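Chemist: Below: one structure in structure tokens.
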Amino acid sequence: MAGDLSELTGALLEAAKRAGAEAADALAIDGTSLSIGVRQGALEQAERSEGIDIGLRVLIGRRQACVSASDTRPETLATMAERAVTMARLAPEDPTAGLADPSQIAANTDISALEMFDPSDEPSPEALKDDALRAEAAALAQSGITKVESSAAYGKRRIHLAATNGFSGGYTRTDRMISTVAITGEGTGMERDYYGDSRIFGADLLSPEEIGGLAAERTLARIGARKPKTGSYPVLFDERISSSLVGHLLAAINGTAIARGASWLRDAMGADVLPKGLSLIEDPHRPRTSGSKLFDTEGLATSKRALVQDGVLQSWVLDLATARKLGLESTANASRGVSSPPSPSSGNVALTQGEKNREELIREMGTGLLVTGMIGASINPTTGDYSRGASGFWVENGEIVYPVNECTIAGNLRAMLMTLIPANDARLHLSRVVPSLLVEGMTLAGD
């Protein structure tokens with residue numbers, strides 16, 4: 001039964017009906033992962049995992065309960081269903097709980113056009129080890145690099161969702177990854193940086209030599225890092241971490257936060273949240289992109305839409321429950337695991353890119369901080385007050401003059417986002433396509 005996830009979810013739903021469920025949905029995830037790590041030219045770690053997880057949500061009126069297991073025997077399915085029904089009868093009523101109406105569910109569940117699955121043979125452990133060793137060798141080839149940790153991995157998942165409202169759909173997705181961390185120096189003078197690449201199709205990956213070389217270059221550029229000046233300066237968020245700013249915006253327009261009134265954008269619908277000319281577009285139908293999907297985990301059809309258009313907030317990110325709480329329609333953004341009910345989550349998004357590259361923005365910022373790494377976070381979800389540890393490079397007269405560590409940057413997200421100036425360097429294959437972003441006048445705490 002585990003081989004056919006459609007049959008498995010169907011059997012779970014039948015067990016739920018026999019146990020007395022009025023409505024139910026079932027999720028099955030069958031996965032394989034293989035990871036290889038090397039260090040000093042030798043195998044450091046090798047892990048392979050295979051398994052299946054199943055989840056069942058049952059509804060009795062407006063009461064619901066979720067159970068999960070990793071055992072697909074018929075007796076286990078029956079026990080899951082009986083337990084879930086018993087739990088649901090004891091659960092408090094939730095007026096927003098419920099499956100999608102049959103008229104709402106997606107008609108098209110064939111995601112082959114999205115190219116989420118690489119049909120090539122699964123890479124052998126030897127092939128992954130070779131990738132990791134080549135990346136390590138490329139990093140060590142650069143003078144000054146003292147240690148390297150490199151890894152390569154492969155994953156494959158089959159997912160199927162079915163519900164008593166008539167929805168049934170599933171898909172298979174793969175991913176392939178190479179990552180390298182390079183280290184220079186010793187003791188308190190040690191510096192490290194990384195580079196990695198992850199793709200759905202192995203043929204799209206950067207070469208191990210590129211990945212190892214870029215990790216080493218980033219690390220060597222950090223030699224002699226020190227604290228920057230304290231004061232108010234422009235801050236340029238490098239493309240590798242700029243998506244975190246968009247992530248804070250997405251968290252603030254998430255239906256869960258809006259329904260609770262715990263968002264710094266709770267009253268911003270129809271208001272300016274980005275500078276004029278900037279839009280944030282969600283497109284769940286981009287081929288070969290990790291966040292792509294034709295339907296969400298409640299069976300609703302996804303579609304391309306503007307979250308922010310020309311600077312103006314257009315939409316929340318909603319599943320059925322949060323939409324019902326707010327008196328709105330779901331935006332088909334439901335996401336879930338096997339042990340929990342759905343909750344809203346955004347997928348592929350792209351921010352409008354600018355006309356200038358990162359180097360041109362560095363020249364224009366004059367004196368300030370280029371941030372390439374961040375640690376920790378103190379972010380007030382209600383007010384948008386923002387404070388994070390940062391590292392990167394100090395810029396004077398439009399030129400990078402020395403690497404920076406051990407500093408804090410602070411501001412308010414509502415004000416920060418309204419001053420964004422984007423570069424044109426976003427990587428188009430990522431789920432979040434966000435270029436380097438210049439923010440005016442943040443507070444820096446350094447020397």
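Identifiers for the structure tokens are assigned positionally: chains receive A, B, ... in sequence, residues are indexed from 1 per chain, and ligands are indexed from 1 in the order shown.
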List as a list in words the protein and nucleic acid residues near Ala84 (chain A), meaning an atom at most 7 Å away when only C-alpha atoms are counted, but skip any in the same chain fewer than 4 places from it.

Modeler: Val58, Ala65, Cys66, Val67, Met80 and Ala88 of chain A

Chemist: Assign secondary structure with DSSP using the backbone only, and return the residues of region 111-266 of chain A in helix (DSSP H, G or I) as a count of residues only.

Modeler: 58

Chemist: Please identify all polymer residues within 7 Å of Ile159 (chain A), counting only C-alpha atoms, omitting same-chain residues fewer than 4 positions from it, and present them as an mmCIF file with N, CA and C atoms, in the first residue's frame.

Modeler:
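What follows is the written file result-v4.cif:
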data_model
loop_
_atom_site.group_PDB
_atom_site.id
_atom_site.type_symbol
_atom_site.label_atom_id
_atom_site.label_comp_id
_atom_site.auth_asym_id
_atom_site.auth_seq_id
_atom_site.Cartn_x
_atom_site.Cartn_y
_atom_site.Cartn_z
ATOM 1 N N ALA A 28 -0.139 12.037 2.707
ATOM 2 C CA ALA A 28 0.922 11.034 2.762
ATOM 3 C C ALA A 28 2.175 11.591 2.093
ATOM 4 N N ILE A 29 3.310 11.418 2.757
ATOM 5 C CA ILE A 29 4.592 11.895 2.233
ATOM 6 C C ILE A 29 5.590 10.758 2.308
ATOM 7 N N ASP A 30 6.109 10.379 1.167
ATOM 8 C CA ASP A 30 7.088 9.294 1.058
ATOM 9 C C ASP A 30 8.401 9.900 0.589
ATOM 10 N N GLY A 170 -1.556 14.778 -6.187
ATOM 11 C CA GLY A 170 -0.223 14.544 -5.647
ATOM 12 C C GLY A 170 0.844 14.862 -6.666
ATOM 13 N N TYR A 171 2.081 14.803 -6.213
ATOM 14 C CA TYR A 171 3.199 15.099 -7.097
ATOM 15 C C TYR A 171 4.477 14.542 -6.492
ATOM 16 N N THR A 172 5.521 14.510 -7.323
ATOM 17 C CA THR A 172 6.852 14.093 -6.891
ATOM 18 C C THR A 172 7.809 15.252 -7.119
#

Chemist: With only C-alpha atoms as the basis for distance, which of A:Thr352, A:Thr230, A:Thr9, A:Ser243 is at the shortest distance from Val338 (chain A)?

Modeler: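 Smallest distance to Val338 (chain A) is found for A:Thr9.
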
Chemist: Give me the residues within 12 Å of Leu278 (chain A) as a short mmCIF file (atom, residue, chain, number, x, y, z; two decimals) with all heavy atoms, in the first residue's frame, counting only C-alpha atoms and dropping any in the same chain fewer than 5 places off.

Modeler:
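Written file, result_5.cif:
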data_model
loop_
_atom_site.label_atom_id
_atom_site.label_comp_id
_atom_site.auth_asym_id
_atom_site.auth_seq_id
_atom_site.Cartn_x
_atom_site.Cartn_y
_atom_site.Cartn_z
N ASP A 272 0.47 52.37 1.14
CA ASP A 272 1.84 52.19 0.63
C ASP A 272 2.68 51.45 1.66
O ASP A 272 2.77 51.85 2.82
CB ASP A 272 2.48 53.55 0.35
CG ASP A 272 1.86 54.27 -0.84
OD1 ASP A 272 1.31 53.58 -1.71
OD2 ASP A 272 1.93 55.51 -0.88
N VAL A 273 3.31 50.34 1.22
CA VAL A 273 4.22 49.60 2.09
C VAL A 273 5.60 49.47 1.45
O VAL A 273 6.56 49.07 2.10
CB VAL A 273 3.67 48.19 2.43
CG1 VAL A 273 2.40 48.31 3.26
CG2 VAL A 273 3.42 47.37 1.17
N ALA A 306 -0.61 39.71 -7.34
CA ALA A 306 0.21 40.75 -6.75
C ALA A 306 -0.10 40.86 -5.26
O ALA A 306 -1.26 41.09 -4.88
CB ALA A 306 -0.03 42.09 -7.43
N LEU A 307 0.90 40.69 -4.43
CA LEU A 307 0.76 40.96 -3.00
C LEU A 307 0.89 42.47 -2.76
O LEU A 307 0.16 43.05 -1.95
CB LEU A 307 1.81 40.20 -2.20
CG LEU A 307 1.75 38.67 -2.32
CD1 LEU A 307 2.93 38.04 -1.60
CD2 LEU A 307 0.45 38.14 -1.76
N VAL A 308 1.85 43.07 -3.46
CA VAL A 308 2.04 44.52 -3.44
C VAL A 308 2.14 44.97 -4.90
O VAL A 308 2.89 44.39 -5.66
CB VAL A 308 3.32 44.93 -2.68
CG1 VAL A 308 3.50 46.44 -2.70
CG2 VAL A 308 3.29 44.40 -1.24
N GLN A 309 1.37 45.98 -5.27
CA GLN A 309 1.39 46.49 -6.64
C GLN A 309 1.72 47.97 -6.63
O GLN A 309 1.01 48.77 -6.00
CB GLN A 309 0.03 46.28 -7.31
CG GLN A 309 -0.03 46.68 -8.77
CD GLN A 309 0.75 45.73 -9.67
OE1 GLN A 309 0.55 44.52 -9.62
NE2 GLN A 309 1.63 46.27 -10.49
N ASP A 310 2.82 48.34 -7.29
CA ASP A 310 3.24 49.74 -7.36
C ASP A 310 3.32 50.35 -5.96
O ASP A 310 2.92 51.48 -5.73
CB ASP A 310 2.28 50.54 -8.24
CG ASP A 310 2.86 51.89 -8.66
OD1 ASP A 310 4.10 52.03 -8.68
OD2 ASP A 310 2.07 52.81 -8.94
N GLY A 311 3.83 49.57 -5.03
CA GLY A 311 4.03 50.03 -3.67
C GLY A 311 2.86 49.83 -2.74
O GLY A 311 3.00 49.97 -1.52
N VAL A 312 1.67 49.51 -3.26
CA VAL A 312 0.44 49.45 -2.45
C VAL A 312 0.10 48.01 -2.10
O VAL A 312 0.05 47.13 -2.97
CB VAL A 312 -0.73 50.10 -3.21
CG1 VAL A 312 -2.01 50.01 -2.38
CG2 VAL A 312 -0.41 51.54 -3.54
N LEU A 313 -0.16 47.75 -0.82
CA LEU A 313 -0.53 46.42 -0.35
C LEU A 313 -1.89 46.01 -0.92
O LEU A 313 -2.88 46.71 -0.74
CB LEU A 313 -0.55 46.38 1.18
CG LEU A 313 -0.88 45.03 1.82
CD1 LEU A 313 0.15 43.98 1.43
CD2 LEU A 313 -0.95 45.18 3.34
N ALA A 350 8.53 37.41 -6.13
CA ALA A 350 9.58 38.17 -6.83
C ALA A 350 9.34 39.65 -6.60
O ALA A 350 8.23 40.15 -6.80
CB ALA A 350 9.58 37.85 -8.32
N LEU A 351 10.40 40.35 -6.18
CA LEU A 351 10.36 41.79 -6.00
C LEU A 351 10.89 42.46 -7.25
O LEU A 351 11.86 42.00 -7.86
CB LEU A 351 11.20 42.18 -4.79
CG LEU A 351 11.23 43.66 -4.40
CD1 LEU A 351 9.89 44.09 -3.86
CD2 LEU A 351 12.34 43.93 -3.39
N THR A 352 10.28 43.56 -7.63
CA THR A 352 10.74 44.32 -8.80
C THR A 352 12.23 44.63 -8.67
O THR A 352 12.69 45.12 -7.64
CB THR A 352 9.98 45.65 -8.91
OG1 THR A 352 8.58 45.37 -8.96
CG2 THR A 352 10.39 46.40 -10.16
N GLN A 353 12.98 44.33 -9.72
CA GLN A 353 14.40 44.64 -9.72
C GLN A 353 14.65 46.06 -10.23
O GLN A 353 13.85 46.63 -10.96
CB GLN A 353 15.17 43.63 -10.58
CG GLN A 353 15.02 42.20 -10.10
CD GLN A 353 16.22 41.35 -10.46
OE1 GLN A 353 17.35 41.64 -10.11
NE2 GLN A 353 15.97 40.27 -11.17
N GLY A 354 15.80 46.62 -9.82
CA GLY A 354 16.16 47.96 -10.23
C GLY A 354 16.94 47.97 -11.53
O GLY A 354 17.09 46.94 -12.21
N LEU A 417 11.27 49.63 4.76
CA LEU A 417 10.77 49.16 3.47
C LEU A 417 10.37 50.31 2.55
O LEU A 417 10.44 50.19 1.33
CB LEU A 417 9.57 48.22 3.68
CG LEU A 417 9.88 46.88 4.34
CD1 LEU A 417 8.61 46.08 4.55
CD2 LEU A 417 10.89 46.07 3.53
N MET A 418 9.98 51.43 3.12
CA MET A 418 9.57 52.57 2.31
C MET A 418 10.75 53.30 1.67
O MET A 418 10.55 54.19 0.84
CB MET A 418 8.74 53.54 3.15
CG MET A 418 7.34 53.05 3.44
SD MET A 418 6.36 52.70 1.96
CE MET A 418 6.31 54.32 1.18
N THR A 419 11.99 52.94 2.06
CA THR A 419 13.16 53.60 1.47
C THR A 419 13.95 52.66 0.55
O THR A 419 15.02 53.03 0.09
CB THR A 419 14.11 54.11 2.57
OG1 THR A 419 14.73 53.00 3.24
CG2 THR A 419 13.36 54.96 3.59
N LEU A 420 13.43 51.47 0.27
CA LEU A 420 14.19 50.49 -0.49
C LEU A 420 14.57 50.99 -1.88
O LEU A 420 13.76 51.57 -2.59
CB LEU A 420 13.38 49.20 -0.67
CG LEU A 420 13.08 48.34 0.56
CD1 LEU A 420 12.36 47.07 0.13
CD2 LEU A 420 14.36 47.99 1.32
N ILE A 421 15.83 50.72 -2.23
CA ILE A 421 16.30 50.91 -3.60
C ILE A 421 16.88 49.58 -4.06
O ILE A 421 17.89 49.12 -3.52
CB ILE A 421 17.38 52.01 -3.69
CG1 ILE A 421 16.82 53.34 -3.18
CG2 ILE A 421 17.87 52.15 -5.13
CD1 ILE A 421 17.86 54.45 -3.12
N PRO A 422 16.25 48.89 -5.02
CA PRO A 422 16.71 47.56 -5.42
C PRO A 422 17.82 47.62 -6.47
O PRO A 422 17.85 48.52 -7.32
CB PRO A 422 15.46 46.92 -6.00
CG PRO A 422 14.69 48.08 -6.58
CD PRO A 422 14.99 49.26 -5.68
N ALA A 423 18.71 46.64 -6.42
CA ALA A 423 19.69 46.43 -7.49
C ALA A 423 19.05 45.51 -8.54
O ALA A 423 17.83 45.29 -8.52
CB ALA A 423 20.96 45.82 -6.92
N VAL A 434 14.83 38.16 -4.99
CA VAL A 434 14.99 39.47 -4.35
C VAL A 434 16.42 39.95 -4.59
O VAL A 434 17.37 39.27 -4.22
CB VAL A 434 14.72 39.39 -2.84
CG1 VAL A 434 14.84 40.77 -2.20
CG2 VAL A 434 13.33 38.80 -2.57
N LEU A 437 19.37 45.12 -1.69
CA LEU A 437 18.46 46.21 -1.34
C LEU A 437 19.16 47.26 -0.48
O LEU A 437 19.72 46.93 0.57
CB LEU A 437 17.24 45.67 -0.58
CG LEU A 437 16.34 44.69 -1.35
CD1 LEU A 437 15.31 44.07 -0.43
CD2 LEU A 437 15.67 45.39 -2.53
#

Chemist: Please list as a CSV table (one decimal) with C-alpha atoms, in the first residue's frame every residue within 8 Å of Arg288 (chain A), counting only C-alpha atoms and excluding residues in the same chain fewer than 2 positions away.

Modeler:
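Ended up saving to out_0.csv:
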chain,number,residue,atom,x,y,z
A,114,LEU,CA,6.1,22.8,-13.5
A,115,GLU,CA,9.1,20.4,-13.8
A,116,MET,CA,9.4,19.6,-10.1
A,199,ARG,CA,18.3,22.9,-7.7
A,200,ILE,CA,15.5,20.6,-8.6
A,201,PHE,CA,17.4,19.3,-11.6
A,286,ARG,CA,7.3,29.0,-12.2
A,290,SER,CA,11.0,25.0,-5.1
A,292,SER,CA,5.8,26.0,-7.2
A,429,HIS,CA,15.8,30.3,-10.0

Chemist: Could you please determine the separation between CA of Cys407 (chain A) and CA of Asp447 (chain A) in Å, to one decimal place?

Modeler: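 Those two atoms sit 8.3 Å apart.
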
Chemist: For the interface of region 321-361 of chain A with region 90-112 of chain A (cut-off 10 Å, counting only C-alpha atoms), please tabulate each contacting residue of region 321-361 of chain A alongside its nearest pair of atoms and their separation in Å to one decimal, rows sorted by chain and increasing number, as CSV.

Modeler:
residue,atom,partner,partner_atom,distance
A:Ala321,CA,A:Thr96,CA,4.9
A:Thr322,CA,A:Thr96,CA,7.5
A:Ala323,CA,A:Thr96,CA,8.5
A:Arg324,CA,A:Thr96,CA,5.7
A:Lys325,CA,A:Thr96,CA,6.4
A:Leu326,CA,A:Thr96,CA,9.9
A:Ser330,CA,A:Ala100,CA,9.6
A:Ala332,CA,A:Ile105,CA,9.9
A:Pro341,CA,A:Ala97,CA,9.2
A:Pro342,CA,A:Ala97,CA,9.9

Chemist: Could those selected residues go to a file with N, CA, C and O atoms, as a PDB file, in the first residue's frame?

Modeler:
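Full text of out.pdb as output:
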ATOM      1  N   ALA A 321      -9.199  28.837   6.901  1.00  0.00           N
ATOM      2  CA  ALA A 321      -9.556  29.221   8.271  1.00  0.00           C
ATOM      3  C   ALA A 321      -9.348  30.716   8.507  1.00  0.00           C
ATOM      4  O   ALA A 321     -10.227  31.400   9.036  1.00  0.00           O
ATOM      5  N   THR A 322      -8.178  31.239   8.123  1.00  0.00           N
ATOM      6  CA  THR A 322      -7.931  32.662   8.361  1.00  0.00           C
ATOM      7  C   THR A 322      -8.817  33.525   7.476  1.00  0.00           C
ATOM      8  O   THR A 322      -9.237  34.611   7.877  1.00  0.00           O
ATOM      9  N   ALA A 323      -9.120  33.043   6.270  1.00  0.00           N
ATOM     10  CA  ALA A 323     -10.044  33.789   5.409  1.00  0.00           C
ATOM     11  C   ALA A 323     -11.421  33.878   6.050  1.00  0.00           C
ATOM     12  O   ALA A 323     -12.072  34.935   6.035  1.00  0.00           O
ATOM     13  N   ARG A 324     -11.897  32.779   6.629  1.00  0.00           N
ATOM     14  CA  ARG A 324     -13.205  32.797   7.295  1.00  0.00           C
ATOM     15  C   ARG A 324     -13.202  33.745   8.488  1.00  0.00           C
ATOM     16  O   ARG A 324     -14.190  34.451   8.745  1.00  0.00           O
ATOM     17  N   LYS A 325     -12.103  33.769   9.241  1.00  0.00           N
ATOM     18  CA  LYS A 325     -12.013  34.673  10.388  1.00  0.00           C
ATOM     19  C   LYS A 325     -12.105  36.129   9.957  1.00  0.00           C
ATOM     20  O   LYS A 325     -12.653  36.967  10.678  1.00  0.00           O
ATOM     21  N   LEU A 326     -11.568  36.427   8.779  1.00  0.00           N
ATOM     22  CA  LEU A 326     -11.514  37.809   8.304  1.00  0.00           C
ATOM     23  C   LEU A 326     -12.655  38.157   7.354  1.00  0.00           C
ATOM     24  O   LEU A 326     -12.732  39.286   6.866  1.00  0.00           O
ATOM     25  N   SER A 330     -10.145  32.544   0.649  1.00  0.00           N
ATOM     26  CA  SER A 330      -8.785  32.010   0.709  1.00  0.00           C
ATOM     27  C   SER A 330      -7.989  32.424  -0.525  1.00  0.00           C
ATOM     28  O   SER A 330      -8.532  32.499  -1.627  1.00  0.00           O
ATOM     29  N   ALA A 332      -5.497  30.543  -1.450  1.00  0.00           N
ATOM     30  CA  ALA A 332      -4.874  29.265  -1.810  1.00  0.00           C
ATOM     31  C   ALA A 332      -3.426  29.207  -1.353  1.00  0.00           C
ATOM     32  O   ALA A 332      -2.540  28.780  -2.091  1.00  0.00           O
ATOM     33  N   PRO A 341      -3.161  20.893  11.386  1.00  0.00           N
ATOM     34  CA  PRO A 341      -4.092  21.420  10.382  1.00  0.00           C
ATOM     35  C   PRO A 341      -3.399  22.447   9.504  1.00  0.00           C
ATOM     36  O   PRO A 341      -2.288  22.902   9.813  1.00  0.00           O
ATOM     37  N   PRO A 342      -4.014  22.849   8.410  1.00  0.00           N
ATOM     38  CA  PRO A 342      -3.394  23.824   7.513  1.00  0.00           C
ATOM     39  C   PRO A 342      -3.187  25.179   8.185  1.00  0.00           C
ATOM     40  O   PRO A 342      -3.880  25.539   9.134  1.00  0.00           O
TER      41      PRO A 342
END

Chemist: Could you list, as a ChimeraX atom specification, every residue within 10 Å of region 355-362 of chain A, counting only C-alpha atoms and ignoring same-chain residues fewer than 3 positions away?

Modeler: /A:234-239,352,365-370,395-400,421-426,435-438

Chemist: Which is closest to Arg266 (chain A) among A:Arg414, A:Arg240, A:Arg218, A:Arg157, if we use only C-alpha atoms?

Modeler: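 Smallest separation from Arg266 (chain A) among the options: A:Arg414.
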
Chemist: Let me make sure I understand: among A:Glu126, A:Ser303, A:Val317, A:Ala377, which one has the smallest atom-to-atom distance to Ile258 (chain A) if we use only C-alpha atoms?

Modeler: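 Answer, going by the shortest atom-to-atom distance: A:Val317.
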
Chemist: Between CA of Gly446 (chain A) and CA of Leu245 (chain A), what distance in Å does the model show, to one decimal?

Modeler: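 Here the two named atoms are 21.6 Å from each other.
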
Chemist: Kindly give the distance, in Å, that separates CA of Lys129 (chain A) and CA of Ser431 (chain A), rounded to a single decimal.

Modeler: 26.9 Å

Chemist: Which residue, A:Pro74, A:Gly299, A:Gly270, A:Gly255, has the smallest gap to Ala163 (chain A) when you use only C-alpha atoms?

Modeler: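 For Ala163 (chain A), the nearest of the candidates is A:Gly299.
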
Chemist: Got a sec: who's within 8 Å of Ser387 (chain A), counting only C-alpha atoms, leaving out chain neighbours fewer than 4 positions off, as a VMD selection string?

Modeler: chain A and resid 377 to 379 408 to 411

Chemist: Going by DSSP on the backbone, which residues of region 110-288 of chain A come out as strand (DSSP E)? List them as a ChimeraX atom specification.

Modeler: /A:145-163,168-184,191-199,231-237,280-282

Chemist: Pick the closest to Thr297 (chain A) from A:Ala415, A:Val371, A:Leu161, A:Val148: which is it, counting only C-alpha atoms?

Modeler: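 Closest to Thr297 (chain A) of all the choices is A:Leu161.
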